[in-house]
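Undergrad: One structure coming up, written as structure tokens, with questions to follow.
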Amino acid sequence: MLVVQKYGGTSVGDCERILNVAKRVSETKQKGHGVVVVVSAMSGETDKLLGYTKFFSRLPNLRESDMVLSAGERVTSALLAIALEELGFKAISLSGRAAGIITDDSHTKARIEYIDVARLNALLAKDYIVVVAGFQGVTKEGEVTTLGRGGSDLSAVALAGALGADLCEIYTDVDGVYTTDPRIEPNAKKIDKISYDEMLELASMGAKVLLNRSVEMAKKLNVNLVTRNSFNYNEGTLITKEQEIMEHPIVSGIALDKNQARVSICNVEDRPGIAAEIFGALSEANVNVDMIVQTIGRDGKTDLDFTIPEVELENAKRVLKSFEGSVESIDYDKDIAKVSIVGVGMKSHSGVASKAFRALAEDNINIMMISTSEIKISMIIRLKYAELAIRTLHSVYELDK
Ligand code: ADP
Ligand code: ASP
Ligand code: MG
């Protein structure tokens with residue numbers, strides 16, 4: 001069997017923890033499996049490196065940022081290889097480049113185009129434990145790239161897919177995927193099995209236990225994905241096809257995203273093409289727009305409200321400057337949070353949304369924006385109520401039972 005194991009920042013947070021990881025990896029190897037390990041940087045390291053770049057510039061050069069940010073994972077991968085050798089195993093660390101991970105050139109949020117697995121396979125054939133630095137790749141021209149925050153999950157799934165691995169295990173600091181973030185709601189329950197689609201929605205809506213793009217890729221490449229705790233041996237969560245799960249609760253989980261910002265454009269001309277102009281300019285600048293609300297037009301004018309990731313705020317401001325003359329005002333609001341309810345069971349049940357609205361009303365929480373899809377309801381509320389809303393919704397849908 002070939003297993004890809006990914007260990008996140010907390011799991012490799014210091015030398016003792018890297019040694020613990022080395023022992024766990026060696027246990028898998030001793031069972032006779034081929035093992036590829038993907039590691040994150042030590043926890044806090046990527047933030048620290050990012051902080052260094054921001055010392056010199058508000059918008060640091062992205063190519064140079066990638067040279068800095070990719071260093072964290074290089075360190076842990078080599079330390080783990082040293083630890084494994086010391087335990088008596090053949091081990092080698094590889095940077096993203098050495099592992100053949102080829103990406104496009106969107107620095108700091110590159111997409112993987114393909115993986116040349118020849119060297120990896122040759123090393124596995126020689127019985128090496130291969131330790132790959134997560135979160136990074138290289139363009140065809142040889143420029144170092146990073147995959148976006150949380151990107152080591154994607155490195156692991158992409159490698160598992162490209163190598164045809166039997167299993168991809170994501171080791172983190174909680175037992176698996178919970179009904180909501182267990183750090184916010186201690187009564188959250190661990191989920192044994194969840195569908196790719198539900199996990200994708202939860203991850204996209206802020207459950208950072210898995211990177212959404214890694215779930216999307218796992219679904220596409222049919223990767224057997226499991227999340228587990230690197231600090232114990234408890235059963236984790238299996239992320240699998242919807243058909244493999246016998247019973248679906250109406251609501252599977254609740255996600256919180258505090259890193260959103262709202263943009264409100266007041267008195268925009270209400271004519272064909274205006275949305276295309278505004279959102280076209282934003283998309284050209286790689287700003288991901290999420291919820292969009294347009295009010296009913298009056299006197300040939302309308303208001304546009306939408307949300308973007310908070311990290312894109314400066315970028316969005318720069319883009320929207322060119323529209324300032326033709327609208328009444330553009331306001332930016334970081335003091336918001338998005339709470340989302342996710343479940344495939346919603347498809348066949350009514351009244352799920354109204355239950356949420358009533359529960360938040362009883363807590364006196366105002367809902368500023370709403371959007372729904374087949375298996376998700378998202379609401380924008382004031383940031384200070386975020387945790388209260390999560391706990392309220394968690395108990396309203398009886399997820400603690
Ligand atoms: P790693 O460094 O291992 O990649 P992350 O910090 O990225 O770990 O993700 C794990 C964290 O995700 C947990 O500590 C937990 O607080 C948070 N989290 C948010 N939502 C959930 C959820 N639904 N289930 C489990 N963990 C969640
Ligand atoms: N170290 C990177 C980050 O903090 C990537 C990862 O941990 O997945 O975002
Ligand atoms: Mg992570």
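To be explicit about the labels: the chains of the structure tokens are called A, B, and onward in the order shown, and within each one the residues are counted from 1, while ligands get numbers from 1 in the order they are shown.
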Apply DSSP to the structure's backbone, then extract all residues of stretch 7-180 of chain A labelled strand (DSSP E or B) and return them as a short mmCIF file (atom, residue, chain, number, x, y, z; two decimals) with N, CA, C and O atoms, in the first residue's frame.

TA:
data_model
loop_
_atom_site.label_atom_id
_atom_site.label_comp_id
_atom_site.auth_asym_id
_atom_site.auth_seq_id
_atom_site.Cartn_x
_atom_site.Cartn_y
_atom_site.Cartn_z
N TYR A 7 1.46 16.34 7.69
CA TYR A 7 1.47 16.82 9.07
C TYR A 7 1.47 18.35 9.07
O TYR A 7 2.34 18.99 8.47
N GLY A 34 4.60 1.86 1.45
CA GLY A 34 5.38 2.96 0.91
C GLY A 34 4.85 4.25 1.54
O GLY A 34 3.64 4.40 1.71
N VAL A 35 5.75 5.16 1.92
CA VAL A 35 5.28 6.38 2.60
C VAL A 35 5.87 7.65 1.97
O VAL A 35 7.08 7.77 1.82
N VAL A 36 4.96 8.56 1.61
CA VAL A 36 5.37 9.90 1.23
C VAL A 36 4.80 10.83 2.29
O VAL A 36 3.62 10.74 2.63
N VAL A 37 5.65 11.66 2.86
CA VAL A 37 5.20 12.58 3.90
C VAL A 37 5.24 14.00 3.36
O VAL A 37 6.19 14.38 2.68
N VAL A 38 4.19 14.77 3.65
CA VAL A 38 4.17 16.19 3.29
C VAL A 38 4.13 16.97 4.59
O VAL A 38 3.34 16.64 5.48
N VAL A 39 4.99 17.95 4.73
CA VAL A 39 4.98 18.72 5.98
C VAL A 39 4.71 20.20 5.74
O VAL A 39 5.07 20.76 4.70
N ALA A 91 15.65 7.97 4.37
CA ALA A 91 14.71 9.08 4.18
C ALA A 91 15.40 10.20 3.41
O ALA A 91 16.61 10.39 3.51
N ILE A 92 14.61 10.94 2.64
CA ILE A 92 15.16 12.07 1.89
C ILE A 92 14.11 13.18 1.82
O ILE A 92 12.92 12.90 1.65
N SER A 93 14.54 14.42 1.98
CA SER A 93 13.60 15.53 1.84
C SER A 93 13.70 16.11 0.44
O SER A 93 14.77 16.13 -0.16
N LEU A 94 12.55 16.57 -0.07
CA LEU A 94 12.52 17.20 -1.39
C LEU A 94 11.75 18.52 -1.30
O LEU A 94 10.69 18.58 -0.67
N ILE A 101 6.68 19.30 -8.60
CA ILE A 101 5.36 19.94 -8.52
C ILE A 101 5.37 21.22 -9.37
O ILE A 101 5.95 22.24 -8.99
N ILE A 102 4.75 21.15 -10.53
CA ILE A 102 4.78 22.26 -11.48
C ILE A 102 3.48 23.07 -11.38
O ILE A 102 2.38 22.52 -11.43
N THR A 103 3.64 24.38 -11.21
CA THR A 103 2.47 25.25 -11.03
C THR A 103 2.43 26.34 -12.10
O THR A 103 3.39 26.51 -12.86
N ILE A 112 -1.57 24.14 -9.08
CA ILE A 112 -0.73 23.04 -9.56
C ILE A 112 -1.19 22.65 -10.96
O ILE A 112 -2.38 22.42 -11.19
N GLU A 113 -0.27 22.60 -11.91
CA GLU A 113 -0.63 22.18 -13.27
C GLU A 113 -0.42 20.69 -13.46
O GLU A 113 -1.26 20.02 -14.01
N TYR A 114 0.70 20.19 -13.02
CA TYR A 114 0.91 18.74 -13.02
C TYR A 114 2.08 18.41 -12.11
O TYR A 114 2.79 19.30 -11.64
N ILE A 115 2.22 17.12 -11.83
CA ILE A 115 3.35 16.68 -11.00
C ILE A 115 4.12 15.62 -11.79
O ILE A 115 3.55 14.65 -12.26
N ILE A 129 11.72 6.70 2.47
CA ILE A 129 10.60 7.52 2.93
C ILE A 129 10.87 8.90 2.34
O ILE A 129 11.93 9.49 2.58
N VAL A 130 9.95 9.39 1.53
CA VAL A 130 10.18 10.67 0.86
C VAL A 130 9.42 11.77 1.60
O VAL A 130 8.20 11.67 1.78
N VAL A 131 10.12 12.79 2.05
CA VAL A 131 9.49 13.88 2.79
C VAL A 131 9.46 15.12 1.90
O VAL A 131 10.51 15.66 1.53
N VAL A 132 8.25 15.54 1.53
CA VAL A 132 8.12 16.65 0.60
C VAL A 132 7.72 17.92 1.35
O VAL A 132 6.82 17.89 2.21
N ALA A 133 8.38 19.02 1.04
CA ALA A 133 8.00 20.31 1.61
C ALA A 133 6.66 20.73 1.01
O ALA A 133 6.53 20.84 -0.20
N GLN A 136 4.32 24.40 -1.74
CA GLN A 136 5.17 25.04 -2.74
C GLN A 136 5.31 24.22 -4.01
O GLN A 136 5.10 23.02 -4.02
N GLY A 137 5.66 24.93 -5.06
CA GLY A 137 5.96 24.28 -6.33
C GLY A 137 6.91 25.16 -7.10
O GLY A 137 7.60 26.02 -6.51
N VAL A 138 6.95 24.95 -8.39
CA VAL A 138 7.86 25.72 -9.22
C VAL A 138 7.21 25.88 -10.60
O VAL A 138 6.48 24.99 -11.04
N THR A 139 7.43 27.02 -11.24
CA THR A 139 6.85 27.18 -12.58
C THR A 139 7.72 26.45 -13.60
O THR A 139 8.84 26.04 -13.29
N VAL A 144 10.16 29.75 -8.03
CA VAL A 144 9.50 29.15 -6.86
C VAL A 144 8.14 29.81 -6.63
O VAL A 144 8.01 31.04 -6.70
N THR A 145 7.13 28.99 -6.35
CA THR A 145 5.79 29.52 -6.07
C THR A 145 5.27 28.93 -4.77
O THR A 145 5.75 27.89 -4.32
N THR A 146 4.27 29.60 -4.16
CA THR A 146 3.54 28.96 -3.06
C THR A 146 2.06 28.89 -3.45
O THR A 146 1.61 29.60 -4.35
N LEU A 167 -4.15 5.89 0.04
CA LEU A 167 -4.73 6.65 1.14
C LEU A 167 -3.97 7.96 1.31
O LEU A 167 -2.75 8.00 1.16
N CYS A 168 -4.71 9.04 1.63
CA CYS A 168 -4.09 10.32 1.97
C CYS A 168 -4.57 10.71 3.36
O CYS A 168 -5.76 10.96 3.56
N GLU A 169 -3.66 10.72 4.32
CA GLU A 169 -4.02 11.05 5.70
C GLU A 169 -3.54 12.46 6.03
O GLU A 169 -2.35 12.77 5.88
N ILE A 170 -4.47 13.30 6.48
CA ILE A 170 -4.11 14.66 6.88
C ILE A 170 -4.07 14.70 8.40
O ILE A 170 -5.12 14.60 9.06
N TYR A 171 -2.87 14.79 8.96
CA TYR A 171 -2.73 14.83 10.42
C TYR A 171 -2.72 16.27 10.91
O TYR A 171 -1.98 17.11 10.41
N THR A 172 -3.58 16.52 11.92
CA THR A 172 -3.68 17.88 12.43
C THR A 172 -3.76 17.84 13.96
O THR A 172 -3.35 16.86 14.58
N TYR A 178 -15.22 18.14 12.68
CA TYR A 178 -16.28 18.23 13.70
C TYR A 178 -17.49 18.96 13.13
O TYR A 178 -17.42 19.61 12.09
#

Undergrad: I need the residues of stretch 211-277 of chain A that end up classed as alpha helix (DSSP H) by DSSP on the backbone, written out as a list in words.

TA: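 Listing alpha helix (DSSP H) positions across stretch 211-277 of chain A yields Asn212, Arg213, Ser214, Val215, Glu216, Met217, Ala218, Lys219, Lys220, Leu221, Ile274, Ala275, Ala276 and Glu277 of chain A.
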
Undergrad: Can you spit out the residues from that selection as a PDB file, in the first residue's frame, using N, CA, C and O atoms?

TA:
ATOM      1  N   ASN A 212     -10.103  24.086   1.128  1.00  0.00           N
ATOM      2  CA  ASN A 212     -11.166  23.730   0.171  1.00  0.00           C
ATOM      3  C   ASN A 212     -10.616  23.170  -1.139  1.00  0.00           C
ATOM      4  O   ASN A 212     -11.127  22.182  -1.669  1.00  0.00           O
ATOM      5  N   ARG A 213      -9.548  23.760  -1.636  1.00  0.00           N
ATOM      6  CA  ARG A 213      -9.014  23.278  -2.924  1.00  0.00           C
ATOM      7  C   ARG A 213      -8.501  21.848  -2.822  1.00  0.00           C
ATOM      8  O   ARG A 213      -8.474  21.121  -3.809  1.00  0.00           O
ATOM      9  N   SER A 214      -8.093  21.432  -1.627  1.00  0.00           N
ATOM     10  CA  SER A 214      -7.632  20.045  -1.482  1.00  0.00           C
ATOM     11  C   SER A 214      -8.821  19.082  -1.542  1.00  0.00           C
ATOM     12  O   SER A 214      -8.708  17.977  -2.069  1.00  0.00           O
ATOM     13  N   VAL A 215      -9.950  19.512  -1.013  1.00  0.00           N
ATOM     14  CA  VAL A 215     -11.147  18.665  -1.039  1.00  0.00           C
ATOM     15  C   VAL A 215     -11.658  18.533  -2.476  1.00  0.00           C
ATOM     16  O   VAL A 215     -12.011  17.448  -2.941  1.00  0.00           O
ATOM     17  N   GLU A 216     -11.637  19.668  -3.168  1.00  0.00           N
ATOM     18  CA  GLU A 216     -12.067  19.684  -4.567  1.00  0.00           C
ATOM     19  C   GLU A 216     -11.205  18.709  -5.387  1.00  0.00           C
ATOM     20  O   GLU A 216     -11.717  17.924  -6.197  1.00  0.00           O
ATOM     21  N   MET A 217      -9.896  18.760  -5.144  1.00  0.00           N
ATOM     22  CA  MET A 217      -8.996  17.885  -5.900  1.00  0.00           C
ATOM     23  C   MET A 217      -9.184  16.427  -5.500  1.00  0.00           C
ATOM     24  O   MET A 217      -9.141  15.533  -6.346  1.00  0.00           O
ATOM     25  N   ALA A 218      -9.414  16.186  -4.211  1.00  0.00           N
ATOM     26  CA  ALA A 218      -9.633  14.807  -3.751  1.00  0.00           C
ATOM     27  C   ALA A 218     -10.860  14.218  -4.443  1.00  0.00           C
ATOM     28  O   ALA A 218     -10.866  13.065  -4.869  1.00  0.00           O
ATOM     29  N   LYS A 219     -11.895  15.041  -4.582  1.00  0.00           N
ATOM     30  CA  LYS A 219     -13.115  14.566  -5.238  1.00  0.00           C
ATOM     31  C   LYS A 219     -12.815  14.247  -6.710  1.00  0.00           C
ATOM     32  O   LYS A 219     -13.183  13.196  -7.223  1.00  0.00           O
ATOM     33  N   LYS A 220     -12.127  15.175  -7.356  1.00  0.00           N
ATOM     34  CA  LYS A 220     -11.850  15.014  -8.779  1.00  0.00           C
ATOM     35  C   LYS A 220     -10.979  13.784  -9.044  1.00  0.00           C
ATOM     36  O   LYS A 220     -11.222  13.029  -9.981  1.00  0.00           O
ATOM     37  N   LEU A 221      -9.972  13.583  -8.214  1.00  0.00           N
ATOM     38  CA  LEU A 221      -9.021  12.492  -8.458  1.00  0.00           C
ATOM     39  C   LEU A 221      -9.365  11.226  -7.680  1.00  0.00           C
ATOM     40  O   LEU A 221      -8.608  10.267  -7.678  1.00  0.00           O
ATOM     41  N   ILE A 274     -23.188  47.214 -16.087  1.00  0.00           N
ATOM     42  CA  ILE A 274     -22.475  47.818 -14.951  1.00  0.00           C
ATOM     43  C   ILE A 274     -21.864  46.748 -14.044  1.00  0.00           C
ATOM     44  O   ILE A 274     -20.720  46.868 -13.593  1.00  0.00           O
ATOM     45  N   ALA A 275     -22.626  45.660 -13.797  1.00  0.00           N
ATOM     46  CA  ALA A 275     -22.083  44.581 -12.963  1.00  0.00           C
ATOM     47  C   ALA A 275     -20.873  43.947 -13.643  1.00  0.00           C
ATOM     48  O   ALA A 275     -19.860  43.647 -13.002  1.00  0.00           O
ATOM     49  N   ALA A 276     -20.986  43.780 -14.950  1.00  0.00           N
ATOM     50  CA  ALA A 276     -19.867  43.192 -15.693  1.00  0.00           C
ATOM     51  C   ALA A 276     -18.618  44.055 -15.556  1.00  0.00           C
ATOM     52  O   ALA A 276     -17.501  43.536 -15.395  1.00  0.00           O
ATOM     53  N   GLU A 277     -18.798  45.382 -15.578  1.00  0.00           N
ATOM     54  CA  GLU A 277     -17.638  46.272 -15.471  1.00  0.00           C
ATOM     55  C   GLU A 277     -16.982  46.161 -14.093  1.00  0.00           C
ATOM     56  O   GLU A 277     -15.772  45.983 -13.983  1.00  0.00           O
TER      57      GLU A 277
END

Undergrad: Rank A:Gly297, A:Gly253, A:Gly351, A:Pro272 by their smallest atom-to-atom distance to A:Met205, using only C-alpha atoms, and report the top residue only.

TA: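 Smallest distance to A:Met205 is found for A:Gly253.
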
Undergrad: If you count only C-alpha atoms and all ligand atoms, which residues end up within 7 Å of ligand 1, as a VMD selection string?

TA: chain A and resid 7 to 11 43 150 171 to 174 176 to 183 206 to 210 253 to 255

Undergrad: Using only C-alpha atoms and all ligand atoms, find each residue with an atom at most 9 Å away from ligand 2 and format the answer as an MDAnalysis selection string.

TA: chainID A and resid 7:10 39:47 69:70 72:73 134:136 146:155 211

Undergrad: Compare A:Asp127, A:Ala156, A:Leu84, A:Ile18 by their minimum atom-to-atom distance to ligand 3, counting only C-alpha atoms and all ligand atoms, and give me the closest one.

TA: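 Smallest separation from ligand 3 among the options: A:Ala156.
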
Undergrad: Looking at A:Arg382, A:Lys258, A:Lys190, A:His248, which one is nearest to A:Ser348, with distances taken over only C-alpha atoms?

TA: A:His248

Undergrad: List every residue of stretch 84-153 of chain A that has an atom at most 12 Å from any atom of stretch 279-293 of chain A, giving for each one its closest atom pair and the distance in Å to one decimal, counting only C-alpha atoms, sorted by chain and then by ascending residue number, as CSV.

TA:
residue,atom,partner,partner_atom,distance
A:Ser106,CA,A:Asn286,CA,9.6
A:His107,CA,A:Asn286,CA,11.6
A:Thr108,CA,A:Asn286,CA,11.7
A:Lys109,CA,A:Asn286,CA,9.9
A:Ala110,CA,A:Asn286,CA,11.7

Undergrad: Generate the output file for the selected residues, N, CA and C atoms, as an mmCIF file, in the first residue's frame.

TA:
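Below is the file part.cif, written as the result:
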data_model
loop_
_atom_site.group_PDB
_atom_site.id
_atom_site.type_symbol
_atom_site.label_atom_id
_atom_site.label_comp_id
_atom_site.auth_asym_id
_atom_site.auth_seq_id
_atom_site.Cartn_x
_atom_site.Cartn_y
_atom_site.Cartn_z
ATOM 1 N N SER A 106 1.016 32.284 -10.797
ATOM 2 C CA SER A 106 0.344 33.229 -9.881
ATOM 3 C C SER A 106 0.983 33.128 -8.508
ATOM 4 N N HIS A 107 2.014 33.920 -8.322
ATOM 5 C CA HIS A 107 2.768 33.866 -7.065
ATOM 6 C C HIS A 107 1.874 34.118 -5.864
ATOM 7 N N THR A 108 2.132 33.403 -4.807
ATOM 8 C CA THR A 108 1.422 33.373 -3.515
ATOM 9 C C THR A 108 0.050 32.722 -3.581
ATOM 10 N N LYS A 109 -0.450 32.421 -4.759
ATOM 11 C CA LYS A 109 -1.642 31.562 -4.839
ATOM 12 C C LYS A 109 -1.622 30.748 -6.126
ATOM 13 N N ALA A 110 -0.521 30.071 -6.318
ATOM 14 C CA ALA A 110 -0.325 29.318 -7.560
ATOM 15 C C ALA A 110 -1.207 28.076 -7.601
#

Undergrad: Go through A:Arg119, A:Lys31, A:Arg24, A:Arg58 and flag the residue nearest A:Asn315, using only C-alpha atoms for the distances.

TA: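 Among A:Arg119, A:Lys31, A:Arg24, A:Arg58, it is A:Arg58 that comes nearest to A:Asn315.
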
Undergrad: Smallest atom-to-atom distance to A:Ile370: which of A:Lys54, A:Gln294, A:Ser322, A:Tyr332, using only C-alpha atoms?

TA: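 Closest to A:Ile370, using only C-alpha atoms: A:Gln294.
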